[in-house]
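**Student:** So that we are looking at the same thing, I have put the structure below in structure tokens.
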Amino acid sequence: MQAIELLLKDEAATIQLGEDLALALKPGDCLALSGDLGAGKSTLARAFLRAMADDEALEVPSPTFTLVQSYDLRIPVSHFDLYRLADVSELDELGLDEALSDGICLVEWPENALSALPKTRLTATFSHLDDGRRVIISGDPAALARVTRSLAI
Ligand code: ADP
Ligand code: MG
């Protein structure tokens, strides 16, 4: 399978996808979350983290200013928001490689550091529809196969 296309009719569908992805991803996986402002990247990241924490009330602050927020969960997860990344070289200092050595990375605004992200990654690209969102998940075939199984499609 090359890519998975899903129609997310409302916020609950985006949250469900985040929960399904939390079951599918493994340490070393990098999930890039691409799409315009308001497309649903942070909604998905929050649902992913809450599912991984098994805590519906887990606080998930936006890492817009800190650029990264790390969580010590069943699998460690680092949530990056690269909107304000000044230079790709900064990503080293933020600890992307270390985070991927034993955990999962979720990366909002991956476009700001594409050359520094692992080539073996998944990308979820969100777009606005009149009603809801479309998301296309593509990338690493092995991870994509796990996602397909967790979505039962
Ligand atoms: P981003 O991080 O991409 O800027 P957010 O997740 O912060 O976007 O915001 C997305 C907004 O769209 C939120 O108000 C959320 O409730 C809403 N939303 C998320 N998924 C959907 C969907 N599938 N259909 C309609 N609205 C959605
Ligand atoms: Mg966001």
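Residues are named by chain letter and number: chains run A, B, ... in the order of the structure tokens, numbers start at 1 in each chain, and ligands are numbered from 1 in the order shown.
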Residues near Lys119 in chain A, anyone? I mean within 10 Å using only C-alpha atoms, not counting same-chain ones fewer than 6 positions away, as a list in words.
**Tutor:**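 Contacts, in chain order: Cys30, Gly139 and Asp140 of chain A.
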**Student:** To check your reading of the model: which residues sit at most 6 Å from ligand 1 when counting only C-alpha atoms and all ligand atoms? Write the answer as a list in words.
**Tutor:**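 Listed by chain and ascending number, the contacts are Leu8, Lys9, Asp10, Glu11, Ala13, Thr14, Asp36, Leu37, Gly38, Ala39, Gly40, Lys41, Ser42, Thr43, Gly132 and Arg133 of chain A.
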**Student:** Could you list, as a PyMOL selection string, all the residues within 12 Å of ligand 2, counting only C-alpha atoms and all ligand atoms?
**Tutor:** chain A and resi 33-46+60-65+67+79-84+106-110+126
**Student:** Could you save the residues just selected, with N, CA and C atoms, as an mmCIF file, in the first residue's frame?
**Tutor:**
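Contents of the output file selection.cif:
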```cif
data_model
loop_
_atom_site.group_PDB
_atom_site.id
_atom_site.type_symbol
_atom_site.label_atom_id
_atom_site.label_comp_id
_atom_site.auth_asym_id
_atom_site.auth_seq_id
_atom_site.Cartn_x
_atom_site.Cartn_y
_atom_site.Cartn_z
ATOM 1 N N LEU A 33 3.309 15.623 10.886
ATOM 2 C CA LEU A 33 1.916 16.080 10.772
ATOM 3 C C LEU A 33 1.913 17.366 9.965
ATOM 4 N N SER A 34 1.374 17.259 8.765
ATOM 5 C CA SER A 34 1.459 18.345 7.806
ATOM 6 C C SER A 34 0.070 18.906 7.525
ATOM 7 N N GLY A 35 -0.002 20.192 7.252
ATOM 8 C CA GLY A 35 -1.301 20.793 6.928
ATOM 9 C C GLY A 35 -1.376 22.211 7.449
ATOM 10 N N ASP A 36 -2.317 22.975 6.902
ATOM 11 C CA ASP A 36 -2.469 24.387 7.262
ATOM 12 C C ASP A 36 -2.831 24.560 8.732
ATOM 13 N N LEU A 37 -2.755 25.809 9.179
ATOM 14 C CA LEU A 37 -3.227 26.175 10.506
ATOM 15 C C LEU A 37 -4.687 25.733 10.655
ATOM 16 N N GLY A 38 -4.984 25.066 11.750
ATOM 17 C CA GLY A 38 -6.366 24.654 12.011
ATOM 18 C C GLY A 38 -6.772 23.370 11.314
ATOM 19 N N ALA A 39 -5.796 22.680 10.714
ATOM 20 C CA ALA A 39 -6.143 21.479 9.946
ATOM 21 C C ALA A 39 -6.405 20.271 10.838
ATOM 22 N N GLY A 40 -5.851 20.284 12.055
ATOM 23 C CA GLY A 40 -6.093 19.173 12.970
ATOM 24 C C GLY A 40 -4.839 18.474 13.481
ATOM 25 N N LYS A 41 -3.660 19.038 13.210
ATOM 26 C CA LYS A 41 -2.407 18.406 13.619
ATOM 27 C C LYS A 41 -2.321 18.250 15.130
ATOM 28 N N SER A 42 -2.599 19.345 15.841
ATOM 29 C CA SER A 42 -2.482 19.299 17.302
ATOM 30 C C SER A 42 -3.592 18.447 17.921
ATOM 31 N N THR A 43 -4.762 18.465 17.313
ATOM 32 C CA THR A 43 -5.859 17.612 17.805
ATOM 33 C C THR A 43 -5.439 16.148 17.748
ATOM 34 N N LEU A 44 -4.812 15.766 16.633
ATOM 35 C CA LEU A 44 -4.369 14.381 16.492
ATOM 36 C C LEU A 44 -3.238 14.070 17.479
ATOM 37 N N ALA A 45 -2.275 14.985 17.611
ATOM 38 C CA ALA A 45 -1.156 14.750 18.530
ATOM 39 C C ALA A 45 -1.665 14.588 19.967
ATOM 40 N N ARG A 46 -2.624 15.445 20.358
ATOM 41 C CA ARG A 46 -3.169 15.378 21.727
ATOM 42 C C ARG A 46 -3.862 14.039 21.965
ATOM 43 N N VAL A 60 -1.702 18.551 27.396
ATOM 44 C CA VAL A 60 -0.801 18.538 26.246
ATOM 45 C C VAL A 60 -0.595 19.986 25.786
ATOM 46 N N PRO A 61 0.349 20.686 26.437
ATOM 47 C CA PRO A 61 0.592 22.068 26.028
ATOM 48 C C PRO A 61 1.158 22.113 24.617
ATOM 49 N N SER A 62 0.839 23.195 23.915
ATOM 50 C CA SER A 62 1.389 23.355 22.577
ATOM 51 C C SER A 62 2.876 23.676 22.678
ATOM 52 N N PRO A 63 3.736 22.923 21.989
ATOM 53 C CA PRO A 63 5.172 23.234 22.052
ATOM 54 C C PRO A 63 5.594 24.317 21.069
ATOM 55 N N THR A 64 4.696 25.263 20.803
ATOM 56 C CA THR A 64 4.998 26.310 19.816
ATOM 57 C C THR A 64 6.255 27.087 20.193
ATOM 58 N N PHE A 65 6.410 27.411 21.481
ATOM 59 C CA PHE A 65 7.561 28.228 21.888
ATOM 60 C C PHE A 65 8.739 27.401 22.374
ATOM 61 N N LEU A 67 9.298 24.408 21.289
ATOM 62 C CA LEU A 67 9.573 23.587 20.096
ATOM 63 C C LEU A 67 9.419 22.089 20.327
ATOM 64 N N HIS A 79 6.865 15.481 21.259
ATOM 65 C CA HIS A 79 5.949 16.235 20.402
ATOM 66 C C HIS A 79 6.647 17.522 19.988
ATOM 67 N N PHE A 80 7.010 17.616 18.720
ATOM 68 C CA PHE A 80 7.699 18.801 18.191
ATOM 69 C C PHE A 80 6.704 19.694 17.459
ATOM 70 N N ASP A 81 6.911 21.004 17.581
ATOM 71 C CA ASP A 81 6.204 21.960 16.739
ATOM 72 C C ASP A 81 7.282 22.873 16.162
ATOM 73 N N LEU A 82 7.582 22.702 14.892
ATOM 74 C CA LEU A 82 8.736 23.379 14.289
ATOM 75 C C LEU A 82 8.356 24.683 13.601
ATOM 76 N N TYR A 83 7.151 25.193 13.911
ATOM 77 C CA TYR A 83 6.699 26.418 13.249
ATOM 78 C C TYR A 83 7.710 27.550 13.436
ATOM 79 N N ARG A 84 8.267 27.637 14.633
ATOM 80 C CA ARG A 84 9.184 28.738 14.937
ATOM 81 C C ARG A 84 10.654 28.341 14.861
ATOM 82 N N LEU A 106 6.432 12.920 17.175
ATOM 83 C CA LEU A 106 5.347 13.546 16.415
ATOM 84 C C LEU A 106 5.852 14.931 16.038
ATOM 85 N N VAL A 107 5.768 15.294 14.779
ATOM 86 C CA VAL A 107 6.390 16.538 14.325
ATOM 87 C C VAL A 107 5.392 17.395 13.547
ATOM 88 N N GLU A 108 4.944 18.498 14.195
ATOM 89 C CA GLU A 108 4.113 19.461 13.470
ATOM 90 C C GLU A 108 5.030 20.424 12.710
ATOM 91 N N TRP A 109 4.596 20.921 11.586
ATOM 92 C CA TRP A 109 5.365 21.785 10.688
ATOM 93 C C TRP A 109 6.694 21.143 10.274
ATOM 94 N N PRO A 110 6.652 19.880 9.811
ATOM 95 C CA PRO A 110 7.882 19.188 9.383
ATOM 96 C C PRO A 110 8.557 19.886 8.206
ATOM 97 N N PHE A 126 -2.956 16.746 6.282
ATOM 98 C CA PHE A 126 -4.360 17.138 6.486
ATOM 99 C C PHE A 126 -4.744 18.226 5.503
#
```
**Student:** DSSP says strand (DSSP E or B) for which residues of chain A? Put them as a ChimeraX atom specification?
**Tutor:** /A:3-8,30-34,68-71,77-81,104-108,122-128,133-139
**Student:** What lies within 12 Å of Pro141 in chain A using only C-alpha atoms, ignoring chain neighbours under 2 positions off, as a list in words?
**Tutor:**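 The residues satisfying every condition are Met1, Gln2, Ala3, Ile4, Asp29, Lys119, Thr120, Arg121, Leu122, Thr123, Ile137, Ser138, Gly139, Ala143, Leu144, Ala145, Arg146, Val147 and Thr148 of chain A.
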**Student:** Would you output that residue set with N, CA and C atoms, as a tab-separated table (two decimals), in the first residue's frame?
**Tutor:**
```
chain	number	residue	atom	x	y	z
A	1	MET	N	0.84	-1.20	0.00
A	1	MET	CA	0.00	0.00	0.00
A	1	MET	C	0.88	1.25	0.00
A	2	GLN	N	0.56	2.21	-0.86
A	2	GLN	CA	1.35	3.43	-1.00
A	2	GLN	C	0.92	4.49	0.00
A	3	ALA	N	-0.37	4.56	0.22
A	3	ALA	CA	-0.90	5.63	1.08
A	3	ALA	C	-2.29	5.25	1.54
A	4	ILE	N	-2.68	5.85	2.66
A	4	ILE	CA	-4.02	5.65	3.19
A	4	ILE	C	-4.73	7.00	3.14
A	29	ASP	N	9.70	5.27	15.44
A	29	ASP	CA	8.83	5.84	14.41
A	29	ASP	C	8.78	7.36	14.52
A	119	LYS	N	14.57	9.76	7.03
A	119	LYS	CA	13.92	9.46	5.74
A	119	LYS	C	12.84	8.40	5.92
A	120	THR	N	13.09	7.50	6.86
A	120	THR	CA	12.09	6.48	7.18
A	120	THR	C	11.10	7.08	8.16
A	121	ARG	N	10.03	7.61	7.62
A	121	ARG	CA	9.03	8.24	8.48
A	121	ARG	C	7.66	8.11	7.85
A	122	LEU	N	6.65	8.42	8.64
A	122	LEU	CA	5.28	8.51	8.12
A	122	LEU	C	4.91	9.99	8.05
A	123	THR	N	4.10	10.34	7.09
A	123	THR	CA	3.57	11.70	7.03
A	123	THR	C	2.06	11.63	6.94
A	137	ILE	N	-2.12	9.46	4.68
A	137	ILE	CA	-0.97	8.97	5.44
A	137	ILE	C	-0.08	8.19	4.48
A	138	SER	N	1.18	8.59	4.40
A	138	SER	CA	2.08	7.94	3.45
A	138	SER	C	3.45	7.79	4.09
A	139	GLY	N	4.34	7.07	3.38
A	139	GLY	CA	5.71	6.95	3.85
A	139	GLY	C	6.13	5.52	4.06
A	143	ALA	N	5.75	0.73	8.53
A	143	ALA	CA	4.91	1.44	9.50
A	143	ALA	C	3.49	1.62	8.93
A	144	LEU	N	3.42	1.85	7.63
A	144	LEU	CA	2.12	2.03	6.99
A	144	LEU	C	1.29	0.74	7.10
A	145	ALA	N	1.97	-0.40	6.99
A	145	ALA	CA	1.26	-1.68	7.12
A	145	ALA	C	0.71	-1.84	8.53
A	146	ARG	N	1.49	-1.42	9.54
A	146	ARG	CA	0.99	-1.50	10.92
A	146	ARG	C	-0.21	-0.58	11.10
A	147	VAL	N	-0.15	0.60	10.51
A	147	VAL	CA	-1.27	1.54	10.62
A	147	VAL	C	-2.52	0.94	9.96
A	148	THR	N	-2.33	0.36	8.81
A	148	THR	CA	-3.46	-0.25	8.11
A	148	THR	C	-4.13	-1.30	8.98
```
**Student:** Using only C-alpha atoms, determine which residues lie at most 8 Å from range 86-93 of chain A, disregarding the query and same-chain residues fewer than 2 positions distant; provide the list as a count of residues only.
**Tutor:** 8
**Student:** Sorted by chain and rising residue number, which residues of range 59-85 of chain A lie within 12 Å of range 98-101 of chain A, and what are their closest atom pairs and distances in Å to one decimal, counting only C-alpha atoms, as JSON lines?
**Tutor:**
```
{"residue": "A:Val68", "atom": "CA", "partner": "A:Ala99", "partner_atom": "CA", "distance": 10.5}
{"residue": "A:Gln69", "atom": "CA", "partner": "A:Ala99", "partner_atom": "CA", "distance": 10.8}
{"residue": "A:Ser70", "atom": "CA", "partner": "A:Ala99", "partner_atom": "CA", "distance": 8.4}
{"residue": "A:Tyr71", "atom": "CA", "partner": "A:Ala99", "partner_atom": "CA", "distance": 10.2}
{"residue": "A:Asp72", "atom": "CA", "partner": "A:Ala99", "partner_atom": "CA", "distance": 10.8}
{"residue": "A:Ile75", "atom": "CA", "partner": "A:Ala99", "partner_atom": "CA", "distance": 10.6}
{"residue": "A:Pro76", "atom": "CA", "partner": "A:Ala99", "partner_atom": "CA", "distance": 7.8}
{"residue": "A:Val77", "atom": "CA", "partner": "A:Ala99", "partner_atom": "CA", "distance": 7.5}
{"residue": "A:Ser78", "atom": "CA", "partner": "A:Ala99", "partner_atom": "CA", "distance": 6.4}
{"residue": "A:His79", "atom": "CA", "partner": "A:Ala99", "partner_atom": "CA", "distance": 9.8}
{"residue": "A:Phe80", "atom": "CA", "partner": "A:Ala99", "partner_atom": "CA", "distance": 10.6}
```
**Student:** Report as number ranges by chain: the residues of chain A with a DSSP assignment of helix (DSSP H, G or I), based on the backbone of this structure.
**Tutor:** A: 11-24, 41-53, 82-84, 90-93, 96-102, 110-116, 141-151
**Student:** Once you have the residues from the selection above, write them out as a JSON list (two decimals), in the first residue's frame, restricted to C-alpha atoms.
**Tutor:**
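Below is the file result_5.json, written as the result:
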```json
[["chain", "number", "residue", "atom", "x", "y", "z"],
["A", 11, "GLU", "CA", -13.17, 16.32, 15.48],
["A", 12, "ALA", "CA", -14.12, 12.96, 17.02],
["A", 13, "ALA", "CA", -12.86, 11.21, 13.87],
["A", 14, "THR", "CA", -9.51, 12.99, 14.16],
["A", 15, "ILE", "CA", -9.29, 11.93, 17.82],
["A", 16, "GLN", "CA", -10.12, 8.33, 16.87],
["A", 17, "LEU", "CA", -7.34, 8.35, 14.28],
["A", 18, "GLY", "CA", -4.89, 9.62, 16.92],
["A", 19, "GLU", "CA", -5.92, 6.78, 19.23],
["A", 20, "ASP", "CA", -5.53, 4.19, 16.44],
["A", 21, "LEU", "CA", -2.09, 5.54, 15.55],
["A", 22, "ALA", "CA", -1.02, 5.25, 19.20],
["A", 23, "LEU", "CA", -1.64, 1.50, 18.93],
["A", 24, "ALA", "CA", 0.22, 1.21, 15.63],
["A", 41, "LYS", "CA", -2.41, 18.41, 13.62],
["A", 42, "SER", "CA", -2.48, 19.30, 17.30],
["A", 43, "THR", "CA", -5.86, 17.61, 17.81],
["A", 44, "LEU", "CA", -4.37, 14.38, 16.49],
["A", 45, "ALA", "CA", -1.16, 14.75, 18.53],
["A", 46, "ARG", "CA", -3.17, 15.38, 21.73],
["A", 47, "ALA", "CA", -5.34, 12.30, 21.14],
["A", 48, "PHE", "CA", -2.25, 10.21, 20.37],
["A", 49, "LEU", "CA", -0.55, 11.30, 23.61],
["A", 50, "ARG", "CA", -3.66, 10.80, 25.74],
["A", 51, "ALA", "CA", -4.12, 7.30, 24.34],
["A", 52, "MET", "CA", -0.45, 6.44, 24.90],
["A", 53, "ALA", "CA", -0.76, 7.78, 28.47],
["A", 82, "LEU", "CA", 8.74, 23.38, 14.29],
["A", 83, "TYR", "CA", 6.70, 26.42, 13.25],
["A", 84, "ARG", "CA", 9.18, 28.74, 14.94],
["A", 90, "GLU", "CA", 18.58, 23.67, 15.81],
["A", 91, "LEU", "CA", 16.84, 20.33, 15.57],
["A", 92, "ASP", "CA", 20.01, 18.53, 16.75],
["A", 93, "GLU", "CA", 19.95, 20.54, 19.97],
["A", 96, "LEU", "CA", 15.44, 14.45, 17.78],
["A", 97, "ASP", "CA", 17.93, 11.60, 17.39],
["A", 98, "GLU", "CA", 17.89, 10.74, 21.10],
["A", 99, "ALA", "CA", 14.10, 10.87, 21.13],
["A", 100, "LEU", "CA", 13.93, 8.42, 18.25],
["A", 101, "SER", "CA", 16.44, 6.02, 19.81],
["A", 102, "ASP", "CA", 13.86, 4.73, 22.30],
["A", 110, "PRO", "CA", 7.88, 19.19, 9.38],
["A", 111, "GLU", "CA", 8.35, 21.38, 6.27],
["A", 112, "ASN", "CA", 10.67, 23.57, 8.35],
["A", 113, "ALA", "CA", 13.20, 20.75, 8.81],
["A", 114, "LEU", "CA", 12.61, 18.15, 6.12],
["A", 115, "SER", "CA", 16.33, 17.57, 5.51],
["A", 116, "ALA", "CA", 16.89, 16.79, 9.21],
["A", 141, "PRO", "CA", 5.85, 0.87, 4.06],
["A", 142, "ALA", "CA", 6.43, -1.19, 7.22],
["A", 143, "ALA", "CA", 4.91, 1.44, 9.50],
["A", 144, "LEU", "CA", 2.12, 2.03, 6.99],
["A", 145, "ALA", "CA", 1.26, -1.68, 7.12],
["A", 146, "ARG", "CA", 0.99, -1.50, 10.92],
["A", 147, "VAL", "CA", -1.27, 1.54, 10.62],
["A", 148, "THR", "CA", -3.46, -0.25, 8.11],
["A", 149, "ARG", "CA", -3.87, -3.17, 10.51],
["A", 150, "SER", "CA", -4.71, -0.91, 13.44],
["A", 151, "LEU", "CA", -7.34, 0.90, 11.36]]
```
**Student:** Would you pick out the contacts of Arg134 in chain A at 9 Å or less, using only C-alpha atoms, so that residues sharing its chain but fewer than 4 positions from it are not included, and give the list as a list of chain:residue names?
**Tutor:**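 Result of the neighbour search: A:Glu5, A:Leu6, A:Leu7, A:Leu8, A:Lys9, A:Thr125, A:Phe126, A:Ser127, A:His128, A:Leu129.
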**Student:** Let me see the file: selected residues, C-alpha atoms, as a short mmCIF file (atom, residue, chain, number, x, y, z; two decimals), in the first residue's frame.
**Tutor:**
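Below you can see out-v2.cif, which holds the result:
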```
data_model
loop_
_atom_site.label_atom_id
_atom_site.label_comp_id
_atom_site.auth_asym_id
_atom_site.auth_seq_id
_atom_site.Cartn_x
_atom_site.Cartn_y
_atom_site.Cartn_z
CA GLU A 5 -6.68 8.28 2.54
CA LEU A 6 -9.31 8.94 5.19
CA LEU A 7 -12.17 11.38 5.47
CA LEU A 8 -12.48 12.71 9.02
CA LYS A 9 -15.99 14.08 9.24
CA THR A 125 -1.13 15.38 5.47
CA PHE A 126 -4.36 17.14 6.49
CA SER A 127 -6.49 19.32 4.27
CA HIS A 128 -9.70 21.22 4.92
CA LEU A 129 -12.92 20.04 3.33
#
```
**Student:** So, with only C-alpha atoms as the atoms that count, which of A:Val135, A:Ala152, A:Ile104, A:Leu58 lies closest to Leu31 in chain A?
**Tutor:** A:Ile104
